[in-house]
Amino acid sequence: MKIHEYQAKEILARHGVPVPKGEVVFKAGDARAVAERLGGGTVVVKAQIHAGGRGKGGGVKVVGNPDEAERAADAMLGMRLVTYQTGPDGQTVRRVLVEQGLGIERELYLGMVLDRSTEKPVLMVSPDGGVEIEKVADKTPERIFKEYVHPGAGLAPFQTRKLAFALDLEGDQIQQAVRMMKAVYDTFIDTDASLIEINPLIVTKEGNLLALDAKMNFDDNALYRHPVIKELRDTAEEAPLEVEASKYALNYIKLDGTIGCMVNGAGLAMATMDIIKLAGGEPANFLDVGGGANAEQIRNAFKILTSDSSVKAVLINIFGGILRCDVLAEGVIAAVKELGVPVPIVIRMEGTNVEKGKQMLRESGLNFTTADTMSEAAEQVVALAL
């Protein structure tokens, strides 16, 4: 789950990370009031969407007084902000953050993520902040410094000092950085975060370190432990079909192709998308109904698949283990009868009760295409989608 910048800053601040003063607003007139409360001078108006690159798209404006703050907020609210992370359709701006203006001496990078290859959290810093960290990793990877944190021992003081020195900090700035890194680590662990990114981490002209921007993602599977954080979810920032799928515990991600996929198991889903592309088609989605799906979940999955107007054909590829093939057939037949699915459907299934499932499909009176192998199924569905 993702949250907005201002929400991430509130969480980080509660754990001791210094952040600029600011308030989020939903109406342009409120931006003027916030700017006045911040002293009436220079403020920054920042569009709040779940994407980076907002400044290049016109979503960050530095203004000199409350009047300009109101005008900037009025221009942003309701706009479709397009960045390198939103795709060409962009995201609608529904709220803006009005924040104090600061004199910036340096821009750094600080991030924390789970490194799956080492099975450890990793704390990363770079002296090249304020730019996309992916570009730094690609062009100058030696400018990213990392410390891997042992899950049992936690973040050690020497690790934070080592990273502070790598940033060429001096004097009291080193202690500030040490405290900030410890606070970021504590936040990461306490909230079951999967990502914390502060870019840029700034050094002000007065020599203070602050999180000028902040991004946080959370492990969905741990949200039951954090009901307050769960309430921060903004479904308006997510694809509507993905929001609908989450209601039924379905793992769904919309893609750009024309072939809808329904599969049980993430690995099989990835293999199915690969073989569709190998056959010359493009998958319209990733949809994993899970190993224990029932007929009702199959019906809901079908409803979501067919709600995507770009889908020209559907491929169902199921290995019947926990989800028996006859249960799958029951759900598919019921869904097609209820929804009147207008596109061709190719079904390939193997496993428990597969013959019974195939018999149910044959006797349903519905126009299903069946296949015995994945490659055969992919070739058939690609042909039907043309």
# chains A, B, ... in the order shown; residues from 1 in each chain; ligands from 1
>>> select_by_dssp(residues="region 69-219 of chain A", states="alpha helix (DSSP H)", output="PDB file with N, CA and C atoms, in the first residue's frame")
ATOM      1  N   ALA A  69       0.293  31.538  -3.366  1.00  0.00           N
ATOM      2  CA  ALA A  69       0.025  30.175  -2.900  1.00  0.00           C
ATOM      3  C   ALA A  69      -1.389  29.750  -3.281  1.00  0.00           C
ATOM      4  N   GLU A  70      -2.337  30.654  -3.118  1.00  0.00           N
ATOM      5  CA  GLU A  70      -3.718  30.337  -3.479  1.00  0.00           C
ATOM      6  C   GLU A  70      -3.850  30.100  -4.975  1.00  0.00           C
ATOM      7  N   ARG A  71      -3.194  30.936  -5.777  1.00  0.00           N
ATOM      8  CA  ARG A  71      -3.279  30.781  -7.231  1.00  0.00           C
ATOM      9  C   ARG A  71      -2.626  29.473  -7.681  1.00  0.00           C
ATOM     10  N   ALA A  72      -1.495  29.138  -7.073  1.00  0.00           N
ATOM     11  CA  ALA A  72      -0.811  27.890  -7.443  1.00  0.00           C
ATOM     12  C   ALA A  72      -1.656  26.681  -7.075  1.00  0.00           C
ATOM     13  N   ALA A  73      -2.273  26.720  -5.889  1.00  0.00           N
ATOM     14  CA  ALA A  73      -3.128  25.616  -5.460  1.00  0.00           C
ATOM     15  C   ALA A  73      -4.341  25.492  -6.372  1.00  0.00           C
ATOM     16  N   ASP A  74      -4.910  26.623  -6.769  1.00  0.00           N
ATOM     17  CA  ASP A  74      -6.079  26.619  -7.646  1.00  0.00           C
ATOM     18  C   ASP A  74      -5.736  26.003  -9.002  1.00  0.00           C
ATOM     19  N   ALA A  75      -4.523  26.278  -9.488  1.00  0.00           N
ATOM     20  CA  ALA A  75      -4.104  25.723 -10.780  1.00  0.00           C
ATOM     21  C   ALA A  75      -3.856  24.219 -10.693  1.00  0.00           C
ATOM     22  N   MET A  76      -3.382  23.760  -9.538  1.00  0.00           N
ATOM     23  CA  MET A  76      -3.057  22.334  -9.397  1.00  0.00           C
ATOM     24  C   MET A  76      -4.270  21.469  -9.105  1.00  0.00           C
ATOM     25  N   ILE A 133      16.721   8.112  -8.201  1.00  0.00           N
ATOM     26  CA  ILE A 133      17.777   7.227  -7.716  1.00  0.00           C
ATOM     27  C   ILE A 133      18.076   6.131  -8.734  1.00  0.00           C
ATOM     28  N   GLU A 134      17.085   5.790  -9.576  1.00  0.00           N
ATOM     29  CA  GLU A 134      17.312   4.781 -10.605  1.00  0.00           C
ATOM     30  C   GLU A 134      18.396   5.233 -11.587  1.00  0.00           C
ATOM     31  N   LYS A 135      18.423   6.546 -11.872  1.00  0.00           N
ATOM     32  CA  LYS A 135      19.446   7.067 -12.782  1.00  0.00           C
ATOM     33  C   LYS A 135      20.826   7.006 -12.137  1.00  0.00           C
ATOM     34  N   VAL A 136      20.886   7.304 -10.836  1.00  0.00           N
ATOM     35  CA  VAL A 136      22.162   7.207 -10.127  1.00  0.00           C
ATOM     36  C   VAL A 136      22.653   5.765 -10.142  1.00  0.00           C
ATOM     37  N   ALA A 137      21.742   4.832  -9.867  1.00  0.00           N
ATOM     38  CA  ALA A 137      22.110   3.411  -9.849  1.00  0.00           C
ATOM     39  C   ALA A 137      22.592   2.944 -11.214  1.00  0.00           C
ATOM     40  N   ASP A 138      22.032   3.514 -12.285  1.00  0.00           N
ATOM     41  CA  ASP A 138      22.403   3.099 -13.638  1.00  0.00           C
ATOM     42  C   ASP A 138      23.713   3.737 -14.088  1.00  0.00           C
ATOM     43  N   LYS A 139      23.857   5.035 -13.836  1.00  0.00           N
ATOM     44  CA  LYS A 139      25.012   5.774 -14.368  1.00  0.00           C
ATOM     45  C   LYS A 139      26.218   5.771 -13.430  1.00  0.00           C
ATOM     46  N   PRO A 157      25.174   1.588  15.575  1.00  0.00           N
ATOM     47  CA  PRO A 157      25.644   2.977  15.464  1.00  0.00           C
ATOM     48  C   PRO A 157      26.782   3.154  14.468  1.00  0.00           C
ATOM     49  N   PHE A 158      27.701   2.184  14.402  1.00  0.00           N
ATOM     50  CA  PHE A 158      28.829   2.354  13.477  1.00  0.00           C
ATOM     51  C   PHE A 158      28.358   2.386  12.034  1.00  0.00           C
ATOM     52  N   GLN A 159      27.239   1.705  11.742  1.00  0.00           N
ATOM     53  CA  GLN A 159      26.726   1.702  10.373  1.00  0.00           C
ATOM     54  C   GLN A 159      26.197   3.079   9.980  1.00  0.00           C
ATOM     55  N   THR A 160      25.491   3.729  10.889  1.00  0.00           N
ATOM     56  CA  THR A 160      24.967   5.063  10.585  1.00  0.00           C
ATOM     57  C   THR A 160      26.104   6.074  10.461  1.00  0.00           C
ATOM     58  N   ARG A 161      27.136   5.949  11.305  1.00  0.00           N
ATOM     59  CA  ARG A 161      28.276   6.871  11.200  1.00  0.00           C
ATOM     60  C   ARG A 161      29.009   6.671   9.870  1.00  0.00           C
ATOM     61  N   LYS A 162      29.135   5.426   9.466  1.00  0.00           N
ATOM     62  CA  LYS A 162      29.805   5.110   8.205  1.00  0.00           C
ATOM     63  C   LYS A 162      29.077   5.766   7.033  1.00  0.00           C
ATOM     64  N   LEU A 163      27.762   5.694   7.041  1.00  0.00           N
ATOM     65  CA  LEU A 163      26.980   6.307   5.970  1.00  0.00           C
ATOM     66  C   LEU A 163      27.032   7.825   6.051  1.00  0.00           C
ATOM     67  N   ALA A 164      27.041   8.382   7.255  1.00  0.00           N
ATOM     68  CA  ALA A 164      27.139   9.836   7.412  1.00  0.00           C
ATOM     69  C   ALA A 164      28.454  10.346   6.838  1.00  0.00           C
ATOM     70  N   PHE A 165      29.540   9.625   7.094  1.00  0.00           N
ATOM     71  CA  PHE A 165      30.836  10.010   6.546  1.00  0.00           C
ATOM     72  C   PHE A 165      30.829   9.906   5.016  1.00  0.00           C
ATOM     73  N   ALA A 166      30.136   8.898   4.489  1.00  0.00           N
ATOM     74  CA  ALA A 166      30.067   8.727   3.036  1.00  0.00           C
ATOM     75  C   ALA A 166      29.367   9.906   2.366  1.00  0.00           C
ATOM     76  N   ASP A 172      28.204  18.794  13.590  1.00  0.00           N
ATOM     77  CA  ASP A 172      26.909  18.389  14.146  1.00  0.00           C
ATOM     78  C   ASP A 172      26.038  17.691  13.109  1.00  0.00           C
ATOM     79  N   GLN A 173      26.296  17.923  11.812  1.00  0.00           N
ATOM     80  CA  GLN A 173      25.509  17.267  10.774  1.00  0.00           C
ATOM     81  C   GLN A 173      25.634  15.749  10.848  1.00  0.00           C
ATOM     82  N   ILE A 174      26.793  15.266  11.284  1.00  0.00           N
ATOM     83  CA  ILE A 174      26.988  13.817  11.403  1.00  0.00           C
ATOM     84  C   ILE A 174      26.046  13.244  12.452  1.00  0.00           C
ATOM     85  N   GLN A 175      25.958  13.897  13.597  1.00  0.00           N
ATOM     86  CA  GLN A 175      25.059  13.418  14.643  1.00  0.00           C
ATOM     87  C   GLN A 175      23.596  13.531  14.222  1.00  0.00           C
ATOM     88  N   GLN A 176      23.262  14.610  13.501  1.00  0.00           N
ATOM     89  CA  GLN A 176      21.900  14.730  12.983  1.00  0.00           C
ATOM     90  C   GLN A 176      21.568  13.563  12.045  1.00  0.00           C
ATOM     91  N   ALA A 177      22.520  13.236  11.156  1.00  0.00           N
ATOM     92  CA  ALA A 177      22.298  12.145  10.217  1.00  0.00           C
ATOM     93  C   ALA A 177      22.169  10.813  10.929  1.00  0.00           C
ATOM     94  N   VAL A 178      23.001  10.593  11.950  1.00  0.00           N
ATOM     95  CA  VAL A 178      22.936   9.353  12.730  1.00  0.00           C
ATOM     96  C   VAL A 178      21.561   9.208  13.370  1.00  0.00           C
ATOM     97  N   ARG A 179      21.074  10.286  13.977  1.00  0.00           N
ATOM     98  CA  ARG A 179      19.747  10.243  14.616  1.00  0.00           C
ATOM     99  C   ARG A 179      18.647  10.003  13.579  1.00  0.00           C
ATOM    100  N   MET A 180      18.781  10.659  12.419  1.00  0.00           N
ATOM    101  CA  MET A 180      17.753  10.510  11.392  1.00  0.00           C
ATOM    102  C   MET A 180      17.725   9.076  10.861  1.00  0.00           C
ATOM    103  N   MET A 181      18.892   8.504  10.607  1.00  0.00           N
ATOM    104  CA  MET A 181      18.931   7.133  10.090  1.00  0.00           C
ATOM    105  C   MET A 181      18.347   6.143  11.084  1.00  0.00           C
ATOM    106  N   LYS A 182      18.648   6.339  12.346  1.00  0.00           N
ATOM    107  CA  LYS A 182      18.068   5.472  13.382  1.00  0.00           C
ATOM    108  C   LYS A 182      16.552   5.627  13.409  1.00  0.00           C
ATOM    109  N   ALA A 183      16.064   6.859  13.278  1.00  0.00           N
ATOM    110  CA  ALA A 183      14.621   7.103  13.277  1.00  0.00           C
ATOM    111  C   ALA A 183      13.958   6.469  12.056  1.00  0.00           C
ATOM    112  N   VAL A 184      14.615   6.538  10.904  1.00  0.00           N
ATOM    113  CA  VAL A 184      14.074   5.921   9.684  1.00  0.00           C
ATOM    114  C   VAL A 184      14.003   4.405   9.855  1.00  0.00           C
ATOM    115  N   TYR A 185      15.054   3.823  10.429  1.00  0.00           N
ATOM    116  CA  TYR A 185      15.045   2.374  10.660  1.00  0.00           C
ATOM    117  C   TYR A 185      13.925   1.985  11.627  1.00  0.00           C
ATOM    118  N   ASP A 186      13.783   2.731  12.709  1.00  0.00           N
ATOM    119  CA  ASP A 186      12.717   2.446  13.678  1.00  0.00           C
ATOM    120  C   ASP A 186      11.339   2.534  13.024  1.00  0.00           C
ATOM    121  N   THR A 187      11.156   3.541  12.167  1.00  0.00           N
ATOM    122  CA  THR A 187       9.887   3.694  11.457  1.00  0.00           C
ATOM    123  C   THR A 187       9.630   2.494  10.551  1.00  0.00           C
ATOM    124  N   PHE A 188      10.665   2.091   9.829  1.00  0.00           N
ATOM    125  CA  PHE A 188      10.577   0.967   8.899  1.00  0.00           C
ATOM    126  C   PHE A 188      10.115  -0.299   9.619  1.00  0.00           C
ATOM    127  N   ILE A 189      10.703  -0.574  10.768  1.00  0.00           N
ATOM    128  CA  ILE A 189      10.380  -1.784  11.526  1.00  0.00           C
ATOM    129  C   ILE A 189       9.016  -1.661  12.204  1.00  0.00           C
ATOM    130  N   ASP A 190       8.765  -0.514  12.847  1.00  0.00           N
ATOM    131  CA  ASP A 190       7.530  -0.343  13.626  1.00  0.00           C
ATOM    132  C   ASP A 190       6.276  -0.372  12.764  1.00  0.00           C
TER     133      ASP A 190
END
>>> residues_around(residues="region 7-10 of chain A", least_positions_apart="6", cutoff="8 Å", atoms="only C-alpha atoms", output="PyMOL selection string")
chain A and resi 19+211+213-216+232
>>> write_last_selection(atoms="N, CA, C and O atoms", output="PDB file, in the first residue's frame")
ATOM      1  N   VAL A  19      11.094  17.208   9.679  1.00  0.00           N
ATOM      2  CA  VAL A  19      10.447  17.515   8.395  1.00  0.00           C
ATOM      3  C   VAL A  19      10.064  18.992   8.383  1.00  0.00           C
ATOM      4  O   VAL A  19       9.922  19.613   9.441  1.00  0.00           O
ATOM      5  N   ALA A 211      13.881  16.116   5.996  1.00  0.00           N
ATOM      6  CA  ALA A 211      13.295  15.310   4.927  1.00  0.00           C
ATOM      7  C   ALA A 211      12.405  16.216   4.086  1.00  0.00           C
ATOM      8  O   ALA A 211      11.279  16.523   4.470  1.00  0.00           O
ATOM      9  N   ASP A 213      11.273  15.644   1.018  1.00  0.00           N
ATOM     10  CA  ASP A 213      10.247  14.818   0.378  1.00  0.00           C
ATOM     11  C   ASP A 213      10.279  13.453   1.053  1.00  0.00           C
ATOM     12  O   ASP A 213      11.295  13.073   1.638  1.00  0.00           O
ATOM     13  N   ALA A 214       9.193  12.723   0.979  1.00  0.00           N
ATOM     14  CA  ALA A 214       9.142  11.416   1.639  1.00  0.00           C
ATOM     15  C   ALA A 214       8.157  10.516   0.922  1.00  0.00           C
ATOM     16  O   ALA A 214       7.089  10.952   0.488  1.00  0.00           O
ATOM     17  N   LYS A 215       8.536   9.260   0.826  1.00  0.00           N
ATOM     18  CA  LYS A 215       7.691   8.238   0.205  1.00  0.00           C
ATOM     19  C   LYS A 215       7.716   7.006   1.093  1.00  0.00           C
ATOM     20  O   LYS A 215       8.780   6.603   1.569  1.00  0.00           O
ATOM     21  N   MET A 216       6.541   6.407   1.331  1.00  0.00           N
ATOM     22  CA  MET A 216       6.463   5.191   2.122  1.00  0.00           C
ATOM     23  C   MET A 216       5.501   4.208   1.468  1.00  0.00           C
ATOM     24  O   MET A 216       4.404   4.587   1.043  1.00  0.00           O
ATOM     25  N   LEU A 232      -5.195   5.210   5.850  1.00  0.00           N
ATOM     26  CA  LEU A 232      -4.583   6.226   4.999  1.00  0.00           C
ATOM     27  C   LEU A 232      -4.679   5.878   3.517  1.00  0.00           C
ATOM     28  O   LEU A 232      -4.326   6.692   2.662  1.00  0.00           O
TER      29      LEU A 232
END
>>> closest_residue(among="A:Thr235, A:Thr204, A:Thr272, A:Thr118", to="Ile318 (chain A)", atoms="only C-alpha atoms")
A:Thr272
>>> select_by_dssp(residues="region 207-341 of chain A", states="strand (DSSP E)", output="PyMOL selection string")
chain A and resi 209-211+215-218+251-254+259-263+285-288+313-320
>>> write_last_selection(atoms="N, CA, C and O atoms", output="JSON list (two decimals), in the first residue's frame")
[["chain", "number", "residue", "atom", "x", "y", "z"],
["A", 209, "LEU", "N", 19.53, 19.14, 8.87],
["A", 209, "LEU", "CA", 19.06, 18.09, 7.97],
["A", 209, "LEU", "C", 17.56, 17.92, 8.11],
["A", 209, "LEU", "O", 17.04, 17.80, 9.23],
["A", 210, "LEU", "N", 16.83, 17.92, 6.97],
["A", 210, "LEU", "CA", 15.39, 17.72, 6.97],
["A", 210, "LEU", "C", 14.98, 16.83, 5.81],
["A", 210, "LEU", "O", 15.63, 16.82, 4.75],
["A", 211, "ALA", "N", 13.88, 16.12, 6.00],
["A", 211, "ALA", "CA", 13.30, 15.31, 4.93],
["A", 211, "ALA", "C", 12.41, 16.22, 4.09],
["A", 211, "ALA", "O", 11.28, 16.52, 4.47],
["A", 215, "LYS", "N", 8.54, 9.26, 0.83],
["A", 215, "LYS", "CA", 7.69, 8.24, 0.21],
["A", 215, "LYS", "C", 7.72, 7.01, 1.09],
["A", 215, "LYS", "O", 8.78, 6.60, 1.57],
["A", 216, "MET", "N", 6.54, 6.41, 1.33],
["A", 216, "MET", "CA", 6.46, 5.19, 2.12],
["A", 216, "MET", "C", 5.50, 4.21, 1.47],
["A", 216, "MET", "O", 4.40, 4.59, 1.04],
["A", 217, "ASN", "N", 5.92, 2.95, 1.39],
["A", 217, "ASN", "CA", 5.05, 1.84, 1.01],
["A", 217, "ASN", "C", 5.00, 0.84, 2.15],
["A", 217, "ASN", "O", 5.97, 0.73, 2.92],
["A", 218, "PHE", "N", 3.90, 0.10, 2.24],
["A", 218, "PHE", "CA", 3.71, -0.83, 3.35],
["A", 218, "PHE", "C", 3.38, -2.23, 2.85],
["A", 218, "PHE", "O", 2.79, -2.41, 1.78],
["A", 251, "ASN", "N", -5.56, -11.09, -6.46],
["A", 251, "ASN", "CA", -4.34, -10.36, -6.82],
["A", 251, "ASN", "C", -4.43, -9.97, -8.30],
["A", 251, "ASN", "O", -4.23, -10.81, -9.18],
["A", 252, "TYR", "N", -4.74, -8.71, -8.55],
["A", 252, "TYR", "CA", -4.99, -8.24, -9.91],
["A", 252, "TYR", "C", -4.16, -6.99, -10.20],
["A", 252, "TYR", "O", -4.13, -6.06, -9.39],
["A", 253, "ILE", "N", -3.51, -7.00, -11.36],
["A", 253, "ILE", "CA", -2.79, -5.81, -11.83],
["A", 253, "ILE", "C", -3.15, -5.63, -13.30],
["A", 253, "ILE", "O", -2.98, -6.54, -14.12],
["A", 254, "LYS", "N", -3.62, -4.44, -13.64],
["A", 254, "LYS", "CA", -4.01, -4.16, -15.02],
["A", 254, "LYS", "C", -2.77, -3.90, -15.86],
["A", 254, "LYS", "O", -1.85, -3.22, -15.44],
["A", 259, "ILE", "N", -5.49, -9.67, -23.95],
["A", 259, "ILE", "CA", -5.84, -11.03, -23.53],
["A", 259, "ILE", "C", -5.94, -11.10, -22.01],
["A", 259, "ILE", "O", -4.95, -10.95, -21.30],
["A", 260, "GLY", "N", -7.15, -11.30, -21.53],
["A", 260, "GLY", "CA", -7.36, -11.41, -20.10],
["A", 260, "GLY", "C", -6.88, -12.75, -19.59],
["A", 260, "GLY", "O", -7.10, -13.78, -20.23],
["A", 261, "CYS", "N", -6.22, -12.75, -18.44],
["A", 261, "CYS", "CA", -5.65, -13.98, -17.88],
["A", 261, "CYS", "C", -6.25, -14.25, -16.50],
["A", 261, "CYS", "O", -6.32, -13.34, -15.67],
["A", 262, "MET", "N", -6.66, -15.48, -16.27],
["A", 262, "MET", "CA", -7.09, -15.92, -14.94],
["A", 262, "MET", "C", -6.29, -17.17, -14.60],
["A", 262, "MET", "O", -6.41, -18.19, -15.28],
["A", 263, "VAL", "N", -5.49, -17.09, -13.56],
["A", 263, "VAL", "CA", -4.56, -18.16, -13.21],
["A", 263, "VAL", "C", -4.56, -18.33, -11.70],
["A", 263, "VAL", "O", -4.88, -17.39, -10.97],
["A", 285, "ASN", "N", -3.73, -8.31, -18.20],
["A", 285, "ASN", "CA", -3.71, -8.22, -16.74],
["A", 285, "ASN", "C", -2.88, -9.36, -16.16],
["A", 285, "ASN", "O", -2.57, -10.34, -16.83],
["A", 286, "PHE", "N", -2.56, -9.19, -14.90],
["A", 286, "PHE", "CA", -2.08, -10.28, -14.04],
["A", 286, "PHE", "C", -3.23, -10.55, -13.07],
["A", 286, "PHE", "O", -3.66, -9.63, -12.37],
["A", 287, "LEU", "N", -3.73, -11.77, -13.05],
["A", 287, "LEU", "CA", -4.82, -12.10, -12.12],
["A", 287, "LEU", "C", -4.57, -13.48, -11.52],
["A", 287, "LEU", "O", -4.66, -14.50, -12.22],
["A", 288, "ASP", "N", -4.23, -13.48, -10.25],
["A", 288, "ASP", "CA", -4.01, -14.72, -9.50],
["A", 288, "ASP", "C", -5.18, -14.89, -8.53],
["A", 288, "ASP", "O", -5.34, -14.11, -7.59],
["A", 313, "ALA", "N", -10.19, -11.46, -25.55],
["A", 313, "ALA", "CA", -10.31, -12.90, -25.32],
["A", 313, "ALA", "C", -9.75, -13.20, -23.94],
["A", 313, "ALA", "O", -8.96, -12.42, -23.39],
["A", 314, "VAL", "N", -10.18, -14.32, -23.36],
["A", 314, "VAL", "CA", -9.77, -14.69, -22.00],
["A", 314, "VAL", "C", -9.10, -16.06, -22.02],
["A", 314, "VAL", "O", -9.61, -16.99, -22.65],
["A", 315, "LEU", "N", -7.96, -16.15, -21.32],
["A", 315, "LEU", "CA", -7.29, -17.43, -21.13],
["A", 315, "LEU", "C", -7.34, -17.80, -19.66],
["A", 315, "LEU", "O", -6.86, -17.04, -18.81],
["A", 316, "ILE", "N", -7.93, -18.96, -19.37],
["A", 316, "ILE", "CA", -7.97, -19.49, -18.01],
["A", 316, "ILE", "C", -6.98, -20.65, -17.95],
["A", 316, "ILE", "O", -7.11, -21.62, -18.70],
["A", 317, "ASN", "N", -5.98, -20.52, -17.09],
["A", 317, "ASN", "CA", -4.95, -21.54, -16.98],
["A", 317, "ASN", "C", -4.83, -21.94, -15.52],
["A", 317, "ASN", "O", -4.30, -21.18, -14.70],
["A", 318, "ILE", "N", -5.36, -23.10, -15.17],
["A", 318, "ILE", "CA", -5.48, -23.51, -13.77],
["A", 318, "ILE", "C", -4.81, -24.87, -13.55],
["A", 318, "ILE", "O", -5.01, -25.81, -14.32],
["A", 319, "PHE", "N", -4.02, -24.93, -12.47],
["A", 319, "PHE", "CA", -3.55, -26.23, -11.99],
["A", 319, "PHE", "C", -4.40, -26.58, -10.77],
["A", 319, "PHE", "O", -4.33, -25.89, -9.75],
["A", 320, "GLY", "N", -5.19, -27.62, -10.89],
["A", 320, "GLY", "CA", -6.14, -27.98, -9.84],
["A", 320, "GLY", "C", -5.50, -28.76, -8.72],
["A", 320, "GLY", "O", -5.39, -29.99, -8.80]]
>>> residues_around(residues="Gly101 (chain A)", least_positions_apart="3", cutoff="6 Å", atoms="only C-alpha atoms", output="PyMOL selection string")
chain A and resi 42-44
>>> atom_distance(atom1="CA of Val131 (chain A)", atom2="CA of Asn208 (chain A)")
20.4 Å
>>> residues_around(residues="Arg116 (chain A)", least_positions_apart="6", cutoff="12 Å", atoms="only C-alpha atoms", output="MDAnalysis selection string")
chainID A and resid 122 148 194
>>> closest_residue(among="A:Arg37, A:Arg14, A:His150, A:His50", to="Glu99 (chain A)", atoms="only C-alpha atoms")
A:Arg37
>>> closest_residue(among="A:Gly53, A:Pro127, A:Gly321, A:Gly40", to="Asn353 (chain A)", atoms="only C-alpha atoms")
A:Gly321
>>> residues_around(residues="Ala378 (chain A)", least_positions_apart="2", cutoff="7 Å", atoms="only C-alpha atoms", output="PyMOL selection string")
chain A and resi 275-276+279+374-376+380-382
>>> residues_around(residues="Thr83 (chain A)", least_positions_apart="4", cutoff="9 Å", atoms="only C-alpha atoms", output="count of residues only")
11
>>> residues_around(residues="Val243 (chain A)", least_positions_apart="2", cutoff="12 Å", atoms="only C-alpha atoms", output="list in words")
Met1, Arg233, Asp234, Thr235, Ala236, Glu237, Glu238, Ala239, Pro240, Leu241, Ala245, Ser246, Lys247, Tyr248, Ala249, Leu250, Asn251, Tyr252, Ile253, Lys254 and Ile304 of chain A
>>> write_last_selection(atoms="N, CA, C and O atoms", output="tab-separated table (two decimals), in the first residue's frame")
chain	number	residue	atom	x	y	z
A	1	MET	N	0.83	-1.19	0.00
A	1	MET	CA	0.00	0.00	0.00
A	1	MET	C	0.87	1.25	0.00
A	1	MET	O	1.86	1.34	0.73
A	233	ARG	N	-5.14	4.69	3.21
A	233	ARG	CA	-5.23	4.27	1.81
A	233	ARG	C	-6.13	5.22	1.02
A	233	ARG	O	-7.23	5.54	1.45
A	234	ASP	N	-5.64	5.66	-0.14
A	234	ASP	CA	-6.40	6.54	-1.02
A	234	ASP	C	-6.72	5.75	-2.29
A	234	ASP	O	-5.91	5.68	-3.21
A	235	THR	N	-7.92	5.18	-2.34
A	235	THR	CA	-8.28	4.33	-3.48
A	235	THR	C	-8.43	5.13	-4.77
A	235	THR	O	-8.37	4.56	-5.86
A	236	ALA	N	-8.60	6.46	-4.66
A	236	ALA	CA	-8.69	7.29	-5.86
A	236	ALA	C	-7.38	7.30	-6.63
A	236	ALA	O	-7.35	7.63	-7.82
A	237	GLU	N	-6.28	6.93	-5.96
A	237	GLU	CA	-4.97	6.90	-6.61
A	237	GLU	C	-4.68	5.54	-7.24
A	237	GLU	O	-3.63	5.36	-7.85
A	238	GLU	N	-5.59	4.59	-7.10
A	238	GLU	CA	-5.37	3.24	-7.61
A	238	GLU	C	-6.29	2.96	-8.79
A	238	GLU	O	-7.33	3.59	-8.94
A	239	ALA	N	-5.89	2.02	-9.62
A	239	ALA	CA	-6.73	1.62	-10.75
A	239	ALA	C	-8.04	1.05	-10.23
A	239	ALA	O	-8.02	0.20	-9.33
A	240	PRO	N	-9.19	1.50	-10.75
A	240	PRO	CA	-10.49	1.05	-10.22
A	240	PRO	C	-10.66	-0.47	-10.18
A	240	PRO	O	-11.20	-1.01	-9.21
A	241	LEU	N	-10.19	-1.17	-11.21
A	241	LEU	CA	-10.35	-2.62	-11.23
A	241	LEU	C	-9.47	-3.28	-10.17
A	241	LEU	O	-9.83	-4.32	-9.60
A	245	ALA	N	-10.82	-5.65	-7.20
A	245	ALA	CA	-10.25	-6.98	-6.97
A	245	ALA	C	-9.83	-7.17	-5.52
A	245	ALA	O	-9.97	-8.26	-4.96
A	246	SER	N	-9.32	-6.12	-4.91
A	246	SER	CA	-8.87	-6.23	-3.52
A	246	SER	C	-10.02	-6.54	-2.57
A	246	SER	O	-9.81	-7.10	-1.50
A	247	LYS	N	-11.24	-6.19	-2.95
A	247	LYS	CA	-12.40	-6.49	-2.11
A	247	LYS	C	-12.64	-7.99	-1.99
A	247	LYS	O	-13.24	-8.45	-1.02
A	248	TYR	N	-12.19	-8.73	-2.98
A	248	TYR	CA	-12.44	-10.18	-3.01
A	248	TYR	C	-11.15	-10.98	-2.81
A	248	TYR	O	-11.11	-12.17	-3.12
A	249	ALA	N	-10.12	-10.32	-2.29
A	249	ALA	CA	-8.82	-10.97	-2.02
A	249	ALA	C	-8.23	-11.57	-3.28
A	249	ALA	O	-7.61	-12.64	-3.26
A	250	LEU	N	-8.42	-10.89	-4.41
A	250	LEU	CA	-7.84	-11.31	-5.67
A	250	LEU	C	-6.61	-10.46	-5.97
A	250	LEU	O	-6.62	-9.24	-5.76
A	251	ASN	N	-5.56	-11.09	-6.46
A	251	ASN	CA	-4.34	-10.36	-6.82
A	251	ASN	C	-4.43	-9.97	-8.30
A	251	ASN	O	-4.23	-10.81	-9.18
A	252	TYR	N	-4.74	-8.71	-8.55
A	252	TYR	CA	-4.99	-8.24	-9.91
A	252	TYR	C	-4.16	-6.99	-10.20
A	252	TYR	O	-4.13	-6.06	-9.39
A	253	ILE	N	-3.51	-7.00	-11.36
A	253	ILE	CA	-2.79	-5.81	-11.83
A	253	ILE	C	-3.15	-5.63	-13.30
A	253	ILE	O	-2.98	-6.54	-14.12
A	254	LYS	N	-3.62	-4.44	-13.64
A	254	LYS	CA	-4.01	-4.16	-15.02
A	254	LYS	C	-2.77	-3.90	-15.86
A	254	LYS	O	-1.85	-3.22	-15.44
A	304	ILE	N	-14.44	-8.87	-13.01
A	304	ILE	CA	-13.38	-7.87	-13.11
A	304	ILE	C	-12.69	-7.96	-14.47
A	304	ILE	O	-12.43	-6.94	-15.13
>>> atom_distance(atom1="CA of Leu77 (chain A)", atom2="CA of Gly22 (chain A)")
17.2 Å
>>> atom_distance(atom1="CA of Glu379 (chain A)", atom2="CA of Ile347 (chain A)")
12.1 Å
>>> closest_residue(among="A:Ala385, A:Leu361, A:Val327, A:Ile229", to="Val343 (chain A)", atoms="only C-alpha atoms")
A:Ala385
>>> closest_residue(among="A:Lys46, A:Asn264, A:Asn65, A:Glu231", to="Val24 (chain A)", atoms="only C-alpha atoms")
A:Lys46
>>> closest_residue(among="A:Gly129, A:Gly207, A:Gly265, A:Gly365", to="Leu169 (chain A)", atoms="only C-alpha atoms")
A:Gly207
